[in-house]
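The structure file data-v5.cif is reproduced below (mmCIF, C-alpha atoms).
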data_final
#
loop_
_atom_site.group_PDB
_atom_site.id
_atom_site.type_symbol
_atom_site.label_atom_id
_atom_site.label_comp_id
_atom_site.auth_asym_id
_atom_site.auth_seq_id
_atom_site.Cartn_x
_atom_site.Cartn_y
_atom_site.Cartn_z
ATOM 1 C CA ARG S 1 48.531 136.890 123.745
ATOM 2 C CA GLU S 2 50.992 135.697 126.413
ATOM 3 C CA LEU S 3 48.771 132.664 127.089
ATOM 4 C CA ALA S 4 48.779 131.810 123.399
ATOM 5 C CA ARG S 5 52.577 132.045 123.256
ATOM 6 C CA ARG S 6 52.909 129.756 126.292
ATOM 7 C CA ASP S 7 50.580 127.204 124.764
ATOM 8 C CA LEU S 8 52.563 127.326 121.536
ATOM 9 C CA ARG S 9 55.863 126.737 123.352
ATOM 10 C CA GLU S 10 54.451 123.851 125.349
ATOM 11 C CA SER S 11 52.972 122.315 122.242
ATOM 12 C CA PHE S 12 56.320 122.574 120.421
ATOM 13 C CA CYS S 13 58.385 121.114 123.278
ATOM 14 C CA GLU S 14 56.072 118.226 124.077
ATOM 15 C CA SER S 15 55.057 117.159 120.600
ATOM 16 C CA PRO S 16 57.189 114.688 118.666
ATOM 17 C CA ILE S 17 59.306 115.835 115.728
ATOM 18 C CA THR S 18 57.459 115.357 112.455
ATOM 19 C CA ILE S 19 59.183 114.544 109.205
ATOM 20 C CA GLY S 20 57.733 113.724 105.807
ATOM 21 C CA THR S 21 58.257 111.541 102.791
ATOM 22 C CA LYS S 22 57.020 112.427 99.344
ATOM 23 C CA THR S 23 54.557 110.043 97.678
ATOM 24 C CA ALA S 24 52.650 110.061 94.401
ATOM 25 C CA SER S 25 49.641 111.669 96.065
ATOM 26 C CA GLY S 26 51.626 114.261 97.989
ATOM 27 C CA TRP S 27 53.591 114.491 101.252
ATOM 28 C CA ARG S 28 52.980 111.928 103.969
ATOM 29 C CA ARG S 29 53.815 112.929 107.482
ATOM 30 C CA ARG S 30 55.605 110.635 109.890
ATOM 31 C CA SER S 31 56.366 111.337 113.539
ATOM 32 C CA LEU S 32 59.373 110.214 115.506
ATOM 33 C CA PRO S 33 58.797 109.017 119.068
ATOM 34 C CA PRO S 34 59.573 111.696 121.681
ATOM 35 C CA HIS S 35 62.346 109.613 123.312
ATOM 36 C CA LYS S 36 64.408 109.657 120.091
ATOM 37 C CA GLN S 37 64.372 113.416 119.613
ATOM 38 C CA TYR S 38 67.372 114.258 121.735
ATOM 39 C CA GLN S 39 69.712 111.338 121.103
ATOM 40 C CA LEU S 40 73.173 112.267 119.772
ATOM 41 C CA ASP S 41 75.534 110.029 117.861
ATOM 42 C CA LEU S 42 78.572 110.479 120.086
ATOM 43 C CA ASP S 43 80.729 108.212 117.933
ATOM 44 C CA TYR S 44 80.024 110.462 114.961
ATOM 45 C CA LEU S 45 80.802 113.593 116.949
ATOM 46 C CA GLU S 46 84.078 112.112 118.170
ATOM 47 C CA ARG S 47 85.114 111.151 114.652
ATOM 48 C CA ARG S 48 84.153 114.577 113.374
ATOM 49 C CA GLY S 49 86.082 116.322 116.119
ATOM 50 C CA GLY S 50 89.136 114.223 115.456
ATOM 51 C CA ASN S 51 89.167 114.946 111.710
ATOM 52 C CA THR S 52 89.727 111.289 110.977
ATOM 53 C CA ILE S 53 89.621 109.455 107.696
ATOM 54 C CA THR S 54 89.116 105.755 108.243
ATOM 55 C CA TYR S 55 89.241 102.870 105.827
ATOM 56 C CA GLU S 56 87.921 99.389 106.332
ATOM 57 C CA GLY S 57 90.475 97.018 104.892
ATOM 58 C CA ALA S 58 91.657 99.133 102.002
ATOM 59 C CA GLU S 59 88.262 100.391 100.958
ATOM 60 C CA GLY S 60 87.133 103.986 101.048
ATOM 61 C CA GLY S 61 84.075 103.305 103.227
ATOM 62 C CA SER S 62 83.725 104.921 106.625
ATOM 63 C CA LYS S 63 84.411 102.953 109.760
ATOM 64 C CA GLU S 64 83.968 103.548 113.436
ATOM 65 C CA GLU S 65 87.199 104.224 115.246
ATOM 66 C CA ASP S 66 86.997 101.131 117.435
ATOM 67 C CA SER S 67 84.884 99.003 115.102
ATOM 68 C CA PRO S 68 85.175 96.161 114.662
ATOM 69 C CA ALA S 69 86.106 95.633 118.286
ATOM 70 C CA ASP S 70 89.778 95.047 118.976
ATOM 71 C CA THR S 71 90.494 91.351 118.675
ATOM 72 C CA LEU S 72 93.218 89.189 120.157
ATOM 73 C CA ASP S 73 95.421 89.724 117.108
ATOM 74 C CA ARG S 74 94.600 93.395 116.453
ATOM 75 C CA VAL S 75 97.847 95.297 115.935
ATOM 76 C CA LYS S 76 97.832 99.089 116.208
ATOM 77 C CA VAL S 77 100.733 100.510 114.201
ATOM 78 C CA VAL S 78 101.618 104.221 114.189
ATOM 79 C CA PHE S 79 103.818 105.702 111.447
ATOM 80 C CA LEU S 80 105.952 108.703 112.428
ATOM 81 C CA GLY S 81 108.570 110.787 110.673
ATOM 82 C CA ALA S 82 109.547 114.172 109.266
ATOM 83 C CA PRO S 83 107.490 115.791 106.471
ATOM 84 C CA GLY S 84 108.014 114.383 102.998
ATOM 85 C CA VAL S 85 109.828 111.170 103.954
ATOM 86 C CA GLY S 86 107.146 108.963 102.365
ATOM 87 C CA LYS S 87 105.131 107.578 105.283
ATOM 88 C CA THR S 88 101.853 107.781 103.374
ATOM 89 C CA SER S 89 103.445 106.389 100.214
ATOM 90 C CA ILE S 90 104.696 103.297 102.042
ATOM 91 C CA ILE S 91 101.278 102.627 103.549
ATOM 92 C CA ARG S 92 99.351 103.143 100.320
ATOM 93 C CA GLN S 93 101.817 101.078 98.334
ATOM 94 C CA PHE S 94 101.388 98.229 100.804
ATOM 95 C CA VAL S 95 97.612 98.460 101.157
ATOM 96 C CA TRP S 96 96.527 99.622 97.702
ATOM 97 C CA SER S 97 99.595 98.978 95.495
ATOM 98 C CA GLU S 98 99.550 102.571 94.326
ATOM 99 C CA PHE S 99 102.002 105.474 94.312
ATOM 100 C CA SER S 100 101.507 109.163 93.526
ATOM 101 C CA GLU S 101 104.322 111.360 92.249
ATOM 102 C CA GLU S 102 102.496 114.402 93.577
ATOM 103 C CA TYR S 103 103.477 115.291 97.116
ATOM 104 C CA ARG S 104 100.587 116.231 99.354
ATOM 105 C CA PRO S 105 101.360 116.732 103.047
ATOM 106 C CA THR S 106 99.279 114.678 105.448
ATOM 107 C CA GLU S 107 96.942 117.167 107.094
ATOM 108 C CA ARG S 108 94.791 114.860 109.210
ATOM 109 C CA ARG S 109 94.904 111.384 110.575
ATOM 110 C CA GLU S 110 94.183 108.524 108.211
ATOM 111 C CA THR S 111 93.554 104.983 109.400
ATOM 112 C CA PHE S 112 93.804 101.783 107.351
ATOM 113 C CA TYR S 113 92.602 98.289 108.289
ATOM 114 C CA PRO S 114 94.340 95.622 106.192
ATOM 115 C CA SER S 115 94.675 91.987 107.216
ATOM 116 C CA VAL S 116 97.991 90.133 106.973
ATOM 117 C CA VAL S 117 99.076 86.536 107.351
ATOM 118 C CA LEU S 118 102.478 85.575 108.724
ATOM 119 C CA ALA S 119 103.490 82.055 109.810
ATOM 120 C CA ASN S 120 99.913 80.837 109.372
ATOM 121 C CA ARG S 121 98.534 83.451 111.783
ATOM 122 C CA LEU S 122 95.999 86.056 110.763
ATOM 123 C CA TYR S 123 96.406 89.603 112.079
ATOM 124 C CA GLU S 124 94.082 92.576 111.786
ATOM 125 C CA LEU S 125 96.192 95.717 111.393
ATOM 126 C CA LYS S 126 95.176 99.215 112.306
ATOM 127 C CA ILE S 127 97.718 101.429 110.531
ATOM 128 C CA THR S 128 97.632 105.097 111.526
ATOM 129 C CA ASP S 129 99.179 107.744 109.287
ATOM 130 C CA LEU S 130 99.557 111.071 111.086
ATOM 131 C CA PRO S 131 100.548 114.643 110.300
ATOM 132 C CA THR S 132 104.041 115.483 111.453
ATOM 133 C CA ILE S 133 104.132 115.816 115.235
ATOM 134 C CA PRO S 134 106.665 118.206 116.786
ATOM 135 C CA TYR S 135 107.149 115.995 119.840
ATOM 136 C CA PHE S 136 105.881 112.816 121.456
ATOM 137 C CA PRO S 137 103.569 113.451 124.433
ATOM 138 C CA VAL S 138 105.148 112.456 127.731
ATOM 139 C CA SER S 139 101.797 112.184 129.506
ATOM 140 C CA SER S 140 98.198 111.317 128.782
ATOM 141 C CA HIS S 141 97.240 114.908 129.548
ATOM 142 C CA LEU S 142 99.503 116.299 126.822
ATOM 143 C CA GLU S 143 98.263 113.662 124.401
ATOM 144 C CA TRP S 144 94.673 114.669 125.099
ATOM 145 C CA THR S 145 95.293 118.403 124.744
ATOM 146 C CA ASP S 146 97.676 118.406 121.757
ATOM 147 C CA PHE S 147 97.184 115.081 119.914
ATOM 148 C CA ARG S 148 93.627 114.033 120.662
ATOM 149 C CA TYR S 149 92.446 110.855 118.897
ATOM 150 C CA TYR S 150 95.956 110.127 117.572
ATOM 151 C CA GLY S 151 96.437 107.052 119.767
ATOM 152 C CA LEU S 152 100.140 107.727 120.174
ATOM 153 C CA ARG S 153 100.642 106.277 123.647
ATOM 154 C CA SER S 154 98.465 103.195 123.086
ATOM 155 C CA ALA S 155 100.156 101.903 119.931
ATOM 156 C CA THR S 156 101.158 98.256 119.691
ATOM 157 C CA ALA S 157 104.166 99.154 117.512
ATOM 158 C CA TYR S 158 105.886 102.168 115.955
ATOM 159 C CA VAL S 159 107.390 102.623 112.508
ATOM 160 C CA LEU S 160 109.840 105.544 112.272
ATOM 161 C CA VAL S 161 110.508 106.621 108.689
ATOM 162 C CA PHE S 162 113.321 108.801 107.355
ATOM 163 C CA ASP S 163 114.547 109.769 103.898
ATOM 164 C CA LEU S 164 117.745 108.019 102.816
ATOM 165 C CA SER S 165 118.492 110.783 100.334
ATOM 166 C CA ASN S 166 118.070 113.433 103.042
ATOM 167 C CA GLN S 167 119.762 112.119 106.137
ATOM 168 C CA ASP S 168 118.873 115.231 108.106
ATOM 169 C CA THR S 169 115.419 113.671 108.470
ATOM 170 C CA PHE S 170 116.973 110.948 110.616
ATOM 171 C CA GLN S 171 117.489 113.435 113.426
ATOM 172 C CA HIS S 172 113.720 113.917 113.610
ATOM 173 C CA ILE S 173 113.002 110.251 114.303
ATOM 174 C CA ARG S 174 116.028 110.046 116.599
ATOM 175 C CA THR S 175 114.463 112.719 118.800
ATOM 176 C CA LEU S 176 111.056 111.061 118.617
ATOM 177 C CA ARG S 177 112.533 107.710 119.537
ATOM 178 C CA ASP S 178 114.185 109.168 122.663
ATOM 179 C CA GLN S 179 110.918 110.851 123.661
ATOM 180 C CA ILE S 180 108.919 107.654 123.139
ATOM 181 C CA TYR S 181 111.214 105.718 125.451
ATOM 182 C CA GLU S 182 110.946 108.466 128.058
ATOM 183 C CA ALA S 183 107.159 108.678 127.783
ATOM 184 C CA ARG S 184 106.111 105.027 128.078
ATOM 185 C CA ASP S 185 107.298 101.548 128.939
ATOM 186 C CA MET S 186 108.560 100.113 125.660
ATOM 187 C CA ARG S 187 108.978 96.559 126.904
ATOM 188 C CA GLY S 188 106.935 94.464 124.524
ATOM 189 C CA VAL S 189 106.417 97.341 122.066
ATOM 190 C CA PRO S 190 108.350 96.825 118.804
ATOM 191 C CA LEU S 191 109.944 99.763 117.048
ATOM 192 C CA LEU S 192 111.003 99.568 113.400
ATOM 193 C CA VAL S 193 113.173 102.109 111.584
ATOM 194 C CA VAL S 194 112.592 102.451 107.837
ATOM 195 C CA GLY S 195 114.835 104.255 105.382
ATOM 196 C CA ASN S 196 112.650 105.188 102.411
ATOM 197 C CA LYS S 197 113.566 106.478 98.937
ATOM 198 C CA GLN S 198 116.285 103.911 98.420
ATOM 199 C CA ASP S 199 116.038 104.645 94.696
ATOM 200 C CA GLU S 200 117.335 108.176 95.376
ATOM 201 C CA LEU S 201 120.269 107.047 97.523
ATOM 202 C CA SER S 202 123.430 107.974 95.637
ATOM 203 C CA GLN S 203 126.571 105.889 95.746
ATOM 204 C CA ALA S 204 128.473 108.740 97.356
ATOM 205 C CA VAL S 205 125.981 109.001 100.223
ATOM 206 C CA ALA S 206 125.759 105.226 100.630
ATOM 207 C CA SER S 207 129.517 104.989 101.030
ATOM 208 C CA GLY S 208 129.717 107.940 103.382
ATOM 209 C CA THR S 209 130.508 107.826 107.075
ATOM 210 C CA ARG S 210 127.202 109.348 108.156
ATOM 211 C CA TYR S 211 125.188 106.643 106.418
ATOM 212 C CA ARG S 212 127.211 103.889 108.094
ATOM 213 C CA ASP S 213 126.832 105.615 111.463
ATOM 214 C CA ILE S 214 123.052 105.667 111.090
ATOM 215 C CA VAL S 215 122.882 101.972 110.227
ATOM 216 C CA ASN S 216 125.203 101.015 113.083
ATOM 217 C CA LEU S 217 123.283 103.161 115.569
ATOM 218 C CA VAL S 218 119.945 101.564 114.696
ATOM 219 C CA ARG S 219 121.096 97.960 114.485
ATOM 220 C CA LYS S 220 123.710 97.786 117.217
ATOM 221 C CA HIS S 221 122.719 100.396 119.787
ATOM 222 C CA TRP S 222 118.960 100.710 119.369
ATOM 223 C CA ARG S 223 118.726 96.968 118.648
ATOM 224 C CA CYS S 224 115.571 97.314 116.625
ATOM 225 C CA GLY S 225 114.545 96.320 113.124
ATOM 226 C CA TYR S 226 115.842 98.279 110.164
ATOM 227 C CA VAL S 227 114.618 98.112 106.556
ATOM 228 C CA GLU S 228 115.488 100.185 103.499
ATOM 229 C CA CYS S 229 112.812 100.433 100.845
ATOM 230 C CA SER S 230 111.488 102.403 97.897
ATOM 231 C CA ALA S 231 107.781 103.188 97.987
ATOM 232 C CA ARG S 232 107.957 104.536 94.425
ATOM 233 C CA PHE S 233 109.064 101.214 92.937
ATOM 234 C CA ASN S 234 107.413 99.022 95.581
ATOM 235 C CA CYS S 235 110.822 97.670 96.540
ATOM 236 C CA ARG S 236 110.953 95.910 99.920
ATOM 237 C CA VAL S 237 107.728 97.570 101.067
ATOM 238 C CA VAL S 238 106.279 94.190 102.038
ATOM 239 C CA GLN S 239 109.535 93.521 103.884
ATOM 240 C CA VAL S 240 108.787 96.510 106.110
ATOM 241 C CA PHE S 241 105.613 94.891 107.402
ATOM 242 C CA ARG S 242 107.160 91.435 107.461
ATOM 243 C CA GLU S 243 109.901 92.619 109.814
ATOM 244 C CA LEU S 244 107.352 94.448 111.923
ATOM 245 C CA MET S 245 105.104 91.409 112.310
ATOM 246 C CA LYS S 246 108.078 89.134 112.985
ATOM 247 C CA SER S 247 109.069 91.428 115.854
ATOM 248 C CA ILE S 248 105.542 91.274 117.228
ATOM 249 C CA GLN S 249 105.430 87.496 116.987
ATOM 250 C CA ALA S 250 108.810 87.220 118.714
ATOM 251 C CA ILE S 251 107.506 89.290 121.615
ATOM 252 C CA GLU S 252 104.232 87.377 121.813
ATOM 253 C CA GLY S 253 105.915 83.983 121.564
ATOM 254 C CA ARG S 254 102.724 82.591 120.038
ATOM 255 C CA PRO S 255 102.600 79.432 117.947
ATOM 256 C CA ALA S 256 101.140 79.436 114.459
ATOM 257 C CA SER S 257 97.375 79.225 114.228
ATOM 258 C CA PRO S 258 96.428 75.655 113.249
ATOM 259 C CA SER S 259 92.966 76.610 111.999
ATOM 260 C CA LEU S 260 94.036 79.041 109.307
ATOM 261 C CA ALA S 261 93.940 77.644 105.814
ATOM 262 C CA PRO S 262 96.721 78.566 103.385
ATOM 263 C CA SER S 263 95.833 81.419 101.082
ATOM 264 C CA GLN S 264 97.293 83.419 98.242
ATOM 265 C CA PRO S 265 98.231 87.075 98.689
ATOM 266 C CA MET S 266 95.560 89.496 97.550
ATOM 267 C CA ARG S 267 96.425 93.098 96.889
ATOM 268 C CA SER S 268 93.921 95.693 97.971
ATOM 269 C CA HIS S 269 92.370 98.249 95.662
ATOM 270 C CA PRO S 270 90.094 101.181 96.537
ATOM 271 C CA HIS S 271 87.288 99.846 94.320
ATOM 272 C CA ASP S 272 87.601 96.208 95.332
ATOM 273 C CA THR S 273 84.823 95.278 97.749
ATOM 274 C CA SER S 274 85.930 91.725 98.440
ATOM 275 C CA GLU S 275 87.722 90.662 101.598
ATOM 276 C CA LYS S 276 91.407 91.513 101.537
ATOM 277 C CA CYS S 277 94.370 89.791 103.058
ATOM 278 C CA ILE S 278 98.090 90.137 102.386
ATOM 279 C CA LEU S 279 100.331 87.117 102.803
ATOM 280 C CA LEU S 280 103.692 88.190 104.205
#

If you convert what's in this file into structure tokens, what do you get?
Amino acid sequence: RELARRDLRESFCESPITIGTKTASGWRRRSLPPHKQYQLDLDYLERRGGNTITYEGAEGGSKEEDSPADTLDRVKVVFLGAPGVGKTSIIRQFVWSEFSEEYRPTERRETFYPSVVLANRLYELKITDLPTIPYFPVSSHLEWTDFRYYGLRSATAYVLVFDLSNQDTFQHIRTLRDQIYEARDMRGVPLLVVGNKQDELSQAVASGTRYRDIVNLVRKHWRCGYVECSARFNCRVVQVFRELMKSIQAIEGRPASPSLAPSQPMRSHPHDTSEKCILL
């Protein structure tokens, strides 16, 4: 009996895995070669472990995290801000021209891959929308343990979003901004501050001292780009990305691409399978 069990185990371990396909006459067996039995799709496991939703262009199809390979003009943009300020709404309005009145907190990372044209140069964007982070990791170790697969410290640019109608949310990005500058060298890394929900900004708040202090702090002391927009009405949303790309071009100091033909702006839609490009 023990000999029979040993023979059975050896036969199971050494024999190739057999799978079948159903035909009109019955099941047809097909064997996989032994060397393919134990291969694991590590890219799939990494994506699964990171709980990532990825979009190619603005489509809903899956996409490898680093595919296509980063090109010369690949721009990795990370959106950060307090809960409910409209980070996701800005991105989806820009990429898909859509807005939802229903608020759903971002629970896992979502990545979008639109293409944009500015000054006759084509850029491939990788826009990352993240759940609210309590702090910015000051080291690669903390990023790996607490914010794995977020790509916080390797971003090409940051967009910090706050709610104009709730100016308490500005303190959140103010803290994040200080932590970012402490955690990494920000020379050559643009940072853009965006005040969303401009449609909800009352005249009393807009004329208040606190509002003016925020604007002066960002423009004069932080010396970074500042845009006010309304994702709900698609007001100045394109301007957000225009200012961001202008900052990147100013840092790069690159001339316009002579080989790029002029094109018309094309808005992305989840069900549109054609190539997508947004002219800024």

- Shell of 9 Å around segment 157-160 of chain S, only C-alpha atoms, local chain residues under 5 positions omitted, as a PyMOL selection string: chain S and resi 75-81+87+173-174+176-177+188-195+240+244+248

- Using only C-alpha atoms, the residue out of S:Asn196, S:Phe241, S:Thr106, S:Arg148 with shortest distance to Phe162 of chain S is S:Asn196

- Which of these residues is nearest to Ala82 of chain S, using all atoms listed in the file: S:Ala206, S:Leu280, S:Val161, S:Val117? S:Val161

- Of S:Ala250, S:Pro134, S:Asn216, S:Thr88, the one sitting nearest Ser100 of chain S when using all atoms listed in the file is S:Thr88

- Out of S:Phe170, S:Leu125, S:Ser139, S:Tyr181, which residue has the shortest atom-to-atom distance to Val218 of chain S when counting all atoms listed in the file? S:Phe170

- Message: Using Å and a single decimal, report how far atom CA of Leu201 of chain S sits from atom CA of Glu102 of chain S.
- Response: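 Interatomic distance, atom CA of Glu102 of chain S to atom CA of Leu201 of chain S: 19.6 Å.
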
- Message: For a quick check of understanding, using only C-alpha atoms, which of S:Arg232, S:Lys220, S:Arg109, S:Arg212 has the smallest distance to Glu200 of chain S?
- Response: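 For Glu200 of chain S, the nearest of the candidates is S:Arg232.
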
- Query: Which one is closest to Leu152 of chain S: S:Val215, S:Ile90, S:Leu122, S:Ala183? Count all atoms listed in the file.
  - Reply: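 Nearest to Leu152 of chain S: S:Ala183.
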
- Expressed in Å to a single decimal, how great is the separation between atom CA of Gly151 of chain S and atom CA of Glu182 of chain S? 16.8 Å

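Straight-line separation from atom CA of Tyr150 of chain S to atom CA of Ile133 of chain S: 10.2 Å.
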
- Message: Applying 9 Å and all atoms listed in the file, which residues near Ser89 of chain S remain after dropping the ones on its own chain fewer than 4 positions away? List them as a list in words.
- Response: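 Those residues are Val85, Gln93, Phe94, Glu98, Phe99, Ser100, Ala231 and Arg232 of chain S.
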
Would you output that residue set with C-alpha atoms, as a PDB file, in the coordinates of the input?
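Generated output (selection-v4.pdb):
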ATOM      1  CA  VAL S  85     109.828 111.170 103.954  1.00  0.00           C
ATOM      2  CA  GLN S  93     101.817 101.078  98.334  1.00  0.00           C
ATOM      3  CA  PHE S  94     101.388  98.229 100.804  1.00  0.00           C
ATOM      4  CA  GLU S  98      99.550 102.571  94.326  1.00  0.00           C
ATOM      5  CA  PHE S  99     102.002 105.474  94.312  1.00  0.00           C
ATOM      6  CA  SER S 100     101.507 109.163  93.526  1.00  0.00           C
ATOM      7  CA  ALA S 231     107.781 103.188  97.987  1.00  0.00           C
ATOM      8  CA  ARG S 232     107.957 104.536  94.425  1.00  0.00           C
TER       9      ARG S 232
END

- Quick one: everything within 9 Å of Ile214 of chain S, counting only C-alpha atoms, minus sequence neighbours fewer than 5 positions away in the same chain. Send it as a list of chain:residue names. S:Gln167, S:Phe170, S:Thr209, S:Arg219

- Message: Once the PyMOL selection byres ((chain S and resi 238) around 12) is applied to the coordinates I shared, what remains selected? I want it as an MDAnalysis selection string.
- Response: chainID S and resid 90:97 116:118 194 227:231 233:237 239:245 265 267 278:280
